[in-house]
Structures are given as C-alpha cells and as structure tokens.
2 protein chains.
Amino acid sequence: MELADLLRYARGDEPCDLLLSNARIINLLSGEILEGDVALVRTRIAGIGPFEARETLDLDGAFLCPGFIDAHVHIESSLVPPGEFARTVVPMGTTTAVTDPHEIANVLGLDGIRFMFENAKRRPMSMFVMASSCVPATHMETNGAVLESYDLAPFMSDPWVLGLAEVMNFPGVVNAEPGVIEKIRVFRDLVIDGHCPGLSGKHLGAYIAAGIASDHECTTVEEAREKLRLGMTIFIREATNAHNLRPLLPLVTPENHQRICFCTDDRMPADLLDEGHIDHMVRVAIAAGLDPIIALRLASLNAANYFRLHDRGAIAPGRRADLIAFHDLQAPRPHLVFRGGKLVARDGVLVARGPSTEPRALRSTVNVDWQKVDFSIPAEGRQARVIGVIPNQLVTEHLIEEIPVVDGQALADPSRDILKMVVLERHTFSGSAGKGFVRGMGLERGAMASTVAHDHHNLAVIGADDVSMRTAARRAAALGGGMIVAEGETVLAEVPLPLAGLMSNLPIEEVRQQLDHAVEACHALGSRLHDPFMAMSFLALEVIPSLKLTDHGLVDVDRFELVPLWVE
Amino acid sequence: MELADLLRYARGDEPCDLLLSNARIINLLSGEILEGDVALVRTRIAGIGPFEARETLDLDGAFLCPGFIDAHVHIESSLVPPGEFARTVVPMGTTTAVTDPHEIANVLGLDGIRFMFENAKRRPMSMFVMASSCVPATHMETNGAVLESYDLAPFMSDPWVLGLAEVMNFPGVVNAEPGVIEKIRVFRDLVIDGHCPGLSGKHLGAYIAAGIASDHECTTVEEAREKLRLGMTIFIREATNAHNLRPLLPLVTPENHQRICFCTDDRMPADLLDEGHIDHMVRVAIAAGLDPIIALRLASLNAANYFRLHDRGAIAPGRRADLIAFHDLQAPRPHLVFRGGKLVARDGVLVARGPSTEPRALRSTVNVDWQKVDFSIPAEGRQARVIGVIPNQLVTEHLIEEIPVVDGQALADPSRDILKMVVLERHTFSGSAGKGFVRGMGLERGAMASTVAHDHHNLAVIGADDVSMRTAARRAAALGGGMIVAEGETVLAEVPLPLAGLMSNLPIEEVRQQLDHAVEACHALGSRLHDPFMAMSFLALEVIPSLKLTDHGLVDVDRFELVPLWVE
C-alpha cells in the first residue's frame with residue numbers, strides 16, 4: 001500500500017476495511033491493557049480508537065495482542081513443509097516464524113532453502129529465514145551441500161532474510177577460523193544468532209565480541225544469566241527434545257525481560273498438536289507466575305525488536321495487522337487470528353484460503369548405490385566402541401563392549417541390547433558408510449531406518465540382523481526418504497518423507513499417526529524408549545558428545561576426531 | 001581492528017591495553033550492578049572479569065557505566081562548533097551525540113553539514129547526524145539553501161548518518177504532501193525522528209503510521225503517554241528554552257521506560273557550563289526519585305537501541321569502550337571518561353589531545369547589500385499588527401496597536417515598549433526585508449541585532465531608533481555574523497559568530513562571557529527579559545504561533561499565511 005493511501009485511512013478520511021471494536025488492547029509498548037477499537041486497512045493497522053469501517057467485528061471485551069513470533073525454529077523438524085506448518089501454528093497465534101532451514105540445506109543446499117521460501121509463499125504466516133551458517137556441521141561427515149560465505153552472501157539482499165543462523169561452530173568463532181569469521185563478516189550488518197551450549201567465561205566473551213547476538217541453548221538460569229549480562233538476547237526454548245522453559249523462567253525479571261524471547265527450535269507433530277506452539281509457552285509461563293504482559297512481550301515484541309522487524313510486535317498505527325484475540329489472560333488461547341489484516345484462523349482452525357498444500361516436487365534425495373551397501377561388520381578384534389544411548393538426552397556414552405563373532409563377522413547381541421548401527425551416505429551414491437554398535441535402543445529383533453539423522457541426514461539404520469536392516473533401509477530409499485520399522489523382509493510401519501527425506505506431503509495429523517504407529521512398532525519389537533526415531537536421529541550428530549556415528553565412521557566428539565571401531 | 005585480533009584479546013591470549021579493576025559495573029542490559037573488572041583493547045571492550053593487561057587502573061569501587069548519548073541536539077545552539085562542543089560535554093560523560101545540523105544547513109546547505117562532520121573528526125565524541133528534513137522550514141522565508149529528498153539521499157550511505165531528522169512539517173506528513181513523503185520514502189529503512197508538539201488523535205496516528213518513530217516536543221505526561229502508546233519513542237528534552245524533564249518524569253515507569261530517552265535539543269553555553277548536559281538530566285531525574293538504573297538507561301542504552309547503534313550503550317564484550325566512572329550513584333558526576341578505550345576526560349577536564357580548535361574557514365554567510373537596506377517604515381495606517389513577546393515562551397501574542405507617525409514614517413514608541421523589528425535577508429544579497437513592531441523586549445533606547453534567528457537565520461534587528469539598528473546590524477555583518485548591542489553609532493557589546501553567523505571560534509567559556517555582557521548591555525538599555533537574544537531568535541520562526549516576522553513580512557502562524565503590517 002502506498003504511504004499516501006495508508007494516511008488517508010489513518011486520518012479517518014475514508015472508512016477502513018475492518019474495525020475490531022470493544023477490545024481489551026494489550027499495549028506491549030507501554031505495558032498497559034486499554035479498552036478500545038482497532039481499525040485495519042489492507043495489511044496494516046490504520047489506527048486505534050473509534051473509526052468508520054466497512055465492517056465491524058465486536059470482540060466483546062476479548063483481549064487483543066500482536067501475533068506471536070517464534071524466534072528460532074527448524075520447520076523441517078515438524079516433518080511437514082512451511083505451508084502445512086503454517087496451517088498448524090497460525091491457529092495457535094503464531095503469525096511470524098524466524099526459521100533456520102539448515103536441515104534441508106544439508107540435503108539440498110540452496111535449492112532446499114529456495115523450496116522452503118516457495119512453499120511459504122501466500123501462506124498466512126510470515127516466514128523469515130536466517131541463512132544457515134554451518135552446512136555441513138563438520139568435516140567428519142558427508143552431507144548434501146556445502147554453503148560457504150559466498151554462497152550465503154546473496155541472501156543479504158533478500159528482504160525475507162534477517163541474518164545469519166545459529167553459528168553452531170562456536171569453537172571456530174572463538175578461535176577465529178577464517179571460514180566462519182568470513183561468514184560473520186558478510187552478515188555483520190544484520191542479526192547473527194548463536195548456539196553455544198555451556199560456553200562460559202572468556203570464550204563466551206569472545207563469541208559475543210565476534211558479534212553473535214543470541215543463544216537458545218541455555219539449560220540453567222546461571223548459564224542464561226551470564227550470557228544475558230554479557231550482551232546476548234536469550235531465546236528460551238521449548239522443543240520436543242529440550243524442555244528449557246520451566247527451568248529458565250526464574251531468569252526473567254522486569255529489569256531484564258526485554259532481552260528474552262521464546263522459541264521452539266524443533267517440535268514434533270505430536271507436541272504441536274497436543275500442546276501447541278509459542279502459545280503453549282505463554283500459557284506455561286503465566287501458569288508458573290510470570291506477568292502476562294511480560295510473557296506476551298517474550299512471545300512477540302521482544303523478538304520483533306531483536307530481529308529489527310519494526311513493522312510488527314505491537315498494536316500501533318502503521319504496523320502490520322497481525323493480531324490475535326483471546327478471552328483468558330491467564331491462559332491465552334486465540335479464538336481469532338488476523339494476519340495482514342485478514343482473519344486467518346477461528347477457534348483453532350485455519351479459515352484462510354491458501355495455495356494447494358501440494359508442494360512443488362523436489363528431486364530425489366536418497367541416492368544410494370545398493371551394489372555398494374553391505375551391512376556386515378568384519379571382526380577386527382573382540383572389544384569394540386559402542387554408542388551408549390541415554391534416554392531423553394542427546395549426549396551419549398562412549399562404551400567399550402565385547403562383541404560376538406561368528407565366521408569372522410561381528411554380530412548384534414540383542415540379549416545384551418547391543419545392536420548394529422550403519423549410517424549410509426545417501427546424497428551422492430558415494431557408497432560411504434559408517435558402521436558400529438549401539439546399546440540402549442532396546443530392539444529385541446527387527447530394524448529401524450530413517451533419513452532424518454542430524455545434521456547431514458544420511459540414512460541411519462539400527463537393527464538386530466542384516467536382513468531386517470536391509471529391508472528397512474531399502475524401503476526408506478524407495479519412498480524417497482522416511483522412517484521405517486521392519487522385521488525380516490516385512491515392513492511393519494513407515495512414515496514416508498519424500499520431501500528431501502525430511503518432510504511429508506501429508507497433513508500433519510496423518511504424519512503424527514504414522515509416526516505413532518512407527519513408534520508402536522518399535523515398542524512391539526522391544527524398545528522401551530519414548531521415541532526411538534528421535535533418539536536415533538541424534539546418534540549421527542557428531543557435534544554432541546560423546547560417541548557418534550557418521551558415514552565416515554565413529555566420532556569421539558570429546559576429542560573431535562574419528563576413532564576406530566575396534567579397540568583390540 | 002580486525003575481528004580475529006579482537007578475539008585474541010577477548011580469549012585472554014594476549015594482555016589487553018587497559019584493565020579497569022575494582023569497578024561496580026552498571027549492567028544496563030540485565031539491570032544489575034556487579035563488582036568486577038573491565039578489559040579494554042584499542043577502541044573496544046575485550047571482556048569482563050580478570051584479564052591480563054599492560055596497564056591497570058584501580059577504580060576503587062567507583063561505578064562504571066556506558067557513556068551518555070544525547071538523542072537529539074542541534075550543536076549550533078551551543079554557539080560553538082562540534083569540536084568545542086565535545087570539549088564541553090565529553091567531561092560530563094556524553095560520548096555520543098545524535099545531531100541535527102539544521103541550523104547551519106539553513107545557512108550553508110550541504111556545505112554546512114559537511115563543515116560539522118569535518119569539525120567533529122578526531123574529537124573525543126561520536127557525532128552522528130540525522131539528515132535535516134525541513135530546510136527551509138516554510139515557503140514564507142528566504143533561507144540559505146533548499147534540501148530536497150535527492151539532496152539528502154546520498155547521506156543514506158554515510159555510516160555517520162542514522163536517518164532523517166525531526167520532520168517538523170507534521171501537517172505535511174499527515175496530509176501526505178509529496179515532497180515530505182518522498183523524504184520519508186528515501187529514509188524508510190533508517191530511523192526517522194519526529195517533532196509534533198500537541199499532535200493527537202488520528203492525526204498523530206497518521207504521523208506515526210508514516211514511519212515517524214520519535215518525538216521530543218512533549219510538554220505534558222498525557223501528551224507523551226499517548227505518543228508512547230501509539231508507538232513513538234519519547235525523547236525527554238531539557239533545553240535552555242524548554243524545560244520538559246521534571247514535568248515528564250512521571251511518564252517513566254518500569255514497564256515503559258525502554259522506549260524513553262534523554263535529549264537536550266538546544267542548550268546555551270551558560271546552561272552547559274553551569275548545569276551540565278545529559279549528566280544534569282540524570283542527576284535531576286534521580287533526585288526526583290527515578291531509579292538510577294532506569295535513569296542511566298534513558299541516558300545511554302535506550303538511545304543506542306533506538307538508533308540501532310548496536311556497538312554501544314552497554315558494557316559488554318566487543319562493544320565500544322565508551323565508559324564513564326563516578327562515585328555517587330544518586331548524583332552521577334563522572335570523574336573519568338573513556339571514549340574508544342582512551343581516557344579522554346578526568347575530573348571534568350578534557351585530557352584528550354585533539355586537532356587544534358581552530359575550525360576550517362567558512363565562506364562569508366552575511367551577504368547583505370546595504371544599498372538596499374532601509375530601516376524606515378512608511379506609515380500606511382495607524383493601527384498595526386504587533387508581535388507580543390511572552391517572557392520565557394516561544395509563542396507570541398498577535399496584538400493590534402496604534403503606532404506613532406512623524407512625517408509619514410512609523411516610529412518605535414519605547415515609552416509603550418513598542419520597538420521596530422526588521423528581518424534582513426542575509427544569504428543572497430536579495431534585499432528582501434520584513435518590517436514590523438514588537439512589544440515586550442523592553443529596550444528604552446538603542447538596538448540589538450543577531451544572525452541567529454530560527455530557522456532561516458536571517459539578520460534580525462530590534463531597536464528604538466534607526467541609527468542604533470543600523471549600527472547593530474552593520475556590526476553583525478562586519479563580524480561575519482554575531483549578536484550585537486548598540487546605541488546610536490556605538491557598539492556596546494558583541495558576540496562574534498563568524499562560523500555561518502551561528503557559531504563562535506572562541507572557547508565556550510569566552511562565548512559565555514561575551515553573551516553575558518551582551519545580555520547585561522540589553523538590560524542596561526532597559527530590557528527585563530532573562531535573555532533578550534534567545535527571545536529575539538524565536539520571533540522570526542514562522543512555525544510557532546501566533547505572530548512572527550520573516551524577511552517576507554509578518555506571518556500569522558495560526559492562519560499559516562503572510563499578513564499585512566497595517567490593519568487600517
């Protein structure tokens with residue numbers, strides 16, 4: 001809308017499009033709640049107060065608040081693409097998501113990021129992108145793409161790109177490695193997000209001095225307080241695999257809360273559908289005693305300020321008409337959601353018409369040369385390194401165990417909960433494969449396979465026997481990616497993820513059911529883990545201690561180097 | 001400094017330049033005061049905590065705080081150029097000034113702004129510029145330059161330019177006049193400051209919807225509260241001619257204070273030297289009961305955030321080492337000031353070596369063709385409009401008075417405190433002159449003249465007789481600008497202002513003495529005004545009601561048009 005047009009409506013010279021009357025307006029700027037009306041014209045707020053409008057919606061005293069902003073989210077972790085993600089979270093009040101598409105970037109590079117942009121178009125949610133900074137995560141893996149500073153630089157001029165995404169390579173920053181410093185240099189005039197679990201003292205100071213402005217990895221108040229004092233904005237995270245909200249709430253005070261935001265990072269379909277999104281965090285925070293105005297600032301204004309999104313985060317003339325209405329200030333649950341001046345959700349259901357949810361086809365991303373695949377592990381000793389799964393944690397134990405050997409071949413030993421694990425490179429037909437053993441998955445028979453394996457997203461397979469493993473792996477490949485449970489030559493359950501091997505093209509409710517069935521199938525095979533696929537997806541992530549397996553082999557993360565499988 | 005270099009010091013690998021030890025560090029980010037050390041390297045803060053350093057300065061428990069930021073100041077109003085202004089205010093703790101050079105821009109256009117930049121170089125203060133938006137103020141005057149959007153656009157790429165300065169033409173914004181809208185369009189990605197005294201309701205909403213982000217003209221809490229609620233950042237001003245601080249302090253609450261800053265706008269030498277600068281505002285605010293942390297945020301962090309100066313406003317790794325130390329948290333008075341890591345002032349005195357205070361010569365700006373100048377006013381009636389001075393206010397009364405006439409010439413009547421006033425165009429030898437009468441200046445004889453006459457800064461002359469007026473005016477011209485008091489053919493006092501007719505090239509202490517003498521001379525001639533020159537300087541400003549005189553003639557500001565001198 002031309003500015004001169006907007007001003008005609010703001011002055012009240014012409015009737016606006018829609019008047020939201022009789023609202024209790026939550027003014028996040030002043031920290032007040034004031035009764036009044038809000039006038040909308042096209043995508044904008046024309047003004048506050050009595051206005052003539054072509055249509056009036058009586059809010060009957062409902063609270064009106066700016067739409068929520070997720071400060072950091074990998075949409076891929078919801079197992080659905082941006083359009084379906086929007087359909088899920090917009091009715092929960094999230095009108096803006098600041099995303100890091102680094103899952104798909106590790107598979108498809110810039111093509112993957114473009115896919116996310118395209119799929120987000122004309123959806124009732126603003127999807128901003130932070131340029132993925134760590135693709136690949138390390139040199140000890142084969143992923144699908146390498147993004148250097150010169151690959152990312154063109155994003156600087158994209159209005160939907162706000163900066164550089166979580167710079168997970170914090171040792172590289174602290175030690176001023178040229179590649180990572182160059183990325184920071186390119187993005188120094190935009191926002192640069194951090195990721196530095198446990199970093200403290202001078203090394204934390206160096207990381208911040210480099211220009212890293214936020215962190216979402218805090219697990220304790222002490223950690224968050226140090227980071228906030230040194231200049232970071234703290235994103236409190238409530239992910240499926242990281243429940244930081246309740247432990248971090250004592251951090252928030254009236255004096256410091258302007259520098260704290262909410263984010264979800266990674267949330268699986270069941271959590272989104274059962275608990276919610278940012279709205280869930282707001283409700284939990286208020287129930288725990290946080291002042292509702294402060295909770296809503298964390299959910300909206302503070303992220304807008306941090307990301308320099310000066311057009312949102314508050315109900316004020318000229319800002320975007322991204323608004324939510326709800327009845328209970330103690331437990332906000334939006335019954336109306338407006339995005340860009342249009343009613344897009346009512347009573348938890350999307351009412352906006354968008355493009356068909358059928359996403360653009362992506363090229364096949366499961367590129368495995370099965371001639372080269374062999375699940376056997378020749379015995380080169382008796383004692384082997386074994387990855388020890390710790391339930392509900394991303395860190396693992398670095399175990400040494402005796403492995404049974406038959407005819408020179410090392411075998412799984414389900415009686416001792418020792419299973420085979422193989423990570424097959426799936427991007428380039430290279431035949432690269434890492435092999436090892438894992439304890440704690442609990443399968444007594446059969447196998448599971450998945451193309452979701454952070455961050456390189458190779459094809460991870462765990463099983464009790466080679467036949468089951470091959471069945472699961474080949475089915476995952478045949479589907480173009482997915483999560484599979486198999487026993488012998490029978491597929492027991494599957495979650496097809498044809499979009500880059502990371503996302504489904506089905507509605508999220510169906511994906512959730514498929515995933516529930518797959519987890520049940522694992523349980524039927526003996527696993528006692530809450531979510532064996534979630535657990536497996538992090539066993540290949542070589543930046544979280546202690547022992548992990550990539551297609552290059554076993555990685556001793558504490559020593560940050562590849563190590564042999566056999567110790568004697 | 002290269003980032004990799006900074007990080008070596010931040011990590012503690014090499015000794016820093018200076019350690020400020022044993023400080024009570026005021027953490028404006030977290031709202032806490034914490035004991036500790038701060039390490040500096042070159043211009044930056046290397047880290048917080050124990051560091052090795054080549055030099056240690058024991059602060060002995062003094063408070064350490066970020067340097068102050070003046071959010072909006074016309075340096076010209078101090079009657080000295082930026083270098084001398086810095087010498088004055090840096091010892092008071094101001095390390096950053098966001099300036100609008102619109103006084104000199106009205107005289108010298110872009111050359112004037114360049115002069116300010118050049119004079120600010122290598123001084124111990126960061127001088128940022130907001131591009132002057134309203135040059136000239138209106139079409140009812142002759143000034144020295146016209147700045148259109150295309151003149152201002154090149155400033156967009158200057159790192160010392162933060163945005164568009166106070167858009168005083170608020171009716172033009174509200175009514176979407178193309179010229180002013182185009183300036184806003186050009187600067188829409190930077191910060192746009194406002195100036196909208198008394199604006200309210202829908203018109204205020206429209207002004208804000210246009211993208212205007214701040215206002216420094218509030219005089220009441222109610223006015224400021226409405227503006228803040230609608231999205232503006234409020235600059236509380238304490239100027240020589242506008243004392244808004246105490247009346248506005250009740251606005252500030254813990255809930256809203258992040259959106260409030262301090263500014264001085266216009267401060268004369270005596271106020272700067274006797275009271276102080278932003279430090280004075282901090283002391284007054286704390287004495288009035290404001291929490292010191294909040295007061296210091298208003299004086300530093302909040303302005304840094306508003307102007308997107310992410311490198312300052314807090315004591316944190318990587319930020320600029322612009323720091324002040326003081327002993328009394330209840331009345332901060334810096335005994336040490338560091339700017340860019342260097343000690344620049346101690347105990348109220350500048351210790352930094354800068355360039356010579358002798359500014360670059362400017363071309364003559366008092367360009368009057370004396371052949372065309374005539375102070376006589378032919379009588380064309382008996383009743384004339386007379387500007388009525390109201391002591392200590394910028395608004396005037398619109399009076400109608402009988403004027404004595406001798407030989408067809410209208411004369412001053414000092415017995416009734418009616419004096420002649422003439423405004424001589426002084427930029428272009430045009431001979432344009434406005435003539436009228438003023439009541440309330442109090443001169444019983446003699447005359448005063450000044451080239452400081454907002455905003456066009458023509459040569460304003462007020463007097464009891466034509467000879468005195470000519471003497472004062474010609475002396476002002478002979479000096480290249482200044483403030484003059486004369487009686488008959490004798491100059492009684494003078495403040496030479498050879499720099500654009502606005503600023504002196506003498507130390508501010510001498511300027512202050514000259515000005516004191518000039519005011520005393522006015523008092524000796526009968527004036528009872530606190531500062532007759534300040535009063536006169538606003539009698540020519542045709543945007544403040546009710547009756548003003550420019551070189552075009554009398555302006556009825558309420559009707560916003562030129563009006564004849566004689567009413568019958």
# chains A, B, ... in the order shown; residues from 1 in each chain; ligands from 1

call {"tool": "interface_residues", "arguments": {"of": "chain B", "to": "chain A", "cutoff": "6 Å", "atoms": "only C-alpha atoms", "output": "ChimeraX atom specification"}}
result
/B:4,7,10-11,30-31,47,176,202-203,205-206,209,229-231,255-256,316-318

call {"tool": "residues_around", "arguments": {"residues": "Thr138 in chain A", "least_positions_apart": "2", "cutoff": "10 Å", "atoms": "only C-alpha atoms", "output": "list in words"}}
result
Cys134, Val135, Pro136, Met140, Glu141, Thr142, Asn143, Asn169, Asp455, His456, Leu541, Glu542, Val543 and Phe560 of chain A

call {"tool": "select_by_dssp", "arguments": {"residues": "range 486-534 of chain B", "states": "strand (DSSP E)", "output": "PyMOL selection string"}}
result
chain B and resi 486-487+490-496

call {"tool": "select_by_dssp", "arguments": {"residues": "range 57-184 of chain A", "states": "helix (DSSP H, G or I)", "output": "VMD selection string"}}
result
chain A and resid 75 to 78 82 to 92 102 to 120 149 to 157 170 to 174 178 to 184

call {"tool": "residues_around", "arguments": {"residues": "Asp111 in chain B", "least_positions_apart": "4", "cutoff": "12 Å", "atoms": "only C-alpha atoms", "output": "PyMOL selection string"}}
result
chain B and resi 101-102+104-107+115-118+144-147+151+360-363+365+500

call {"tool": "atom_distance", "arguments": {"atom1": "CA of Ala239 in chain B", "atom2": "CA of Gly480 in chain B"}}
result
26.7 Å

call {"tool": "closest_residue", "arguments": {"among": "B:Met1, B:Leu399, B:Ile390, B:Met92", "to": "Arg346 in chain B", "atoms": "only C-alpha atoms"}}
result
B:Met92

call {"tool": "atom_distance", "arguments": {"atom1": "CA of Val38 in chain A", "atom2": "CA of Asp215 in chain B"}}
result
22.6 Å

call {"tool": "atom_distance", "arguments": {"atom1": "CA of Ser133 in chain A", "atom2": "CA of Glu166 in chain A"}}
result
6.6 Å
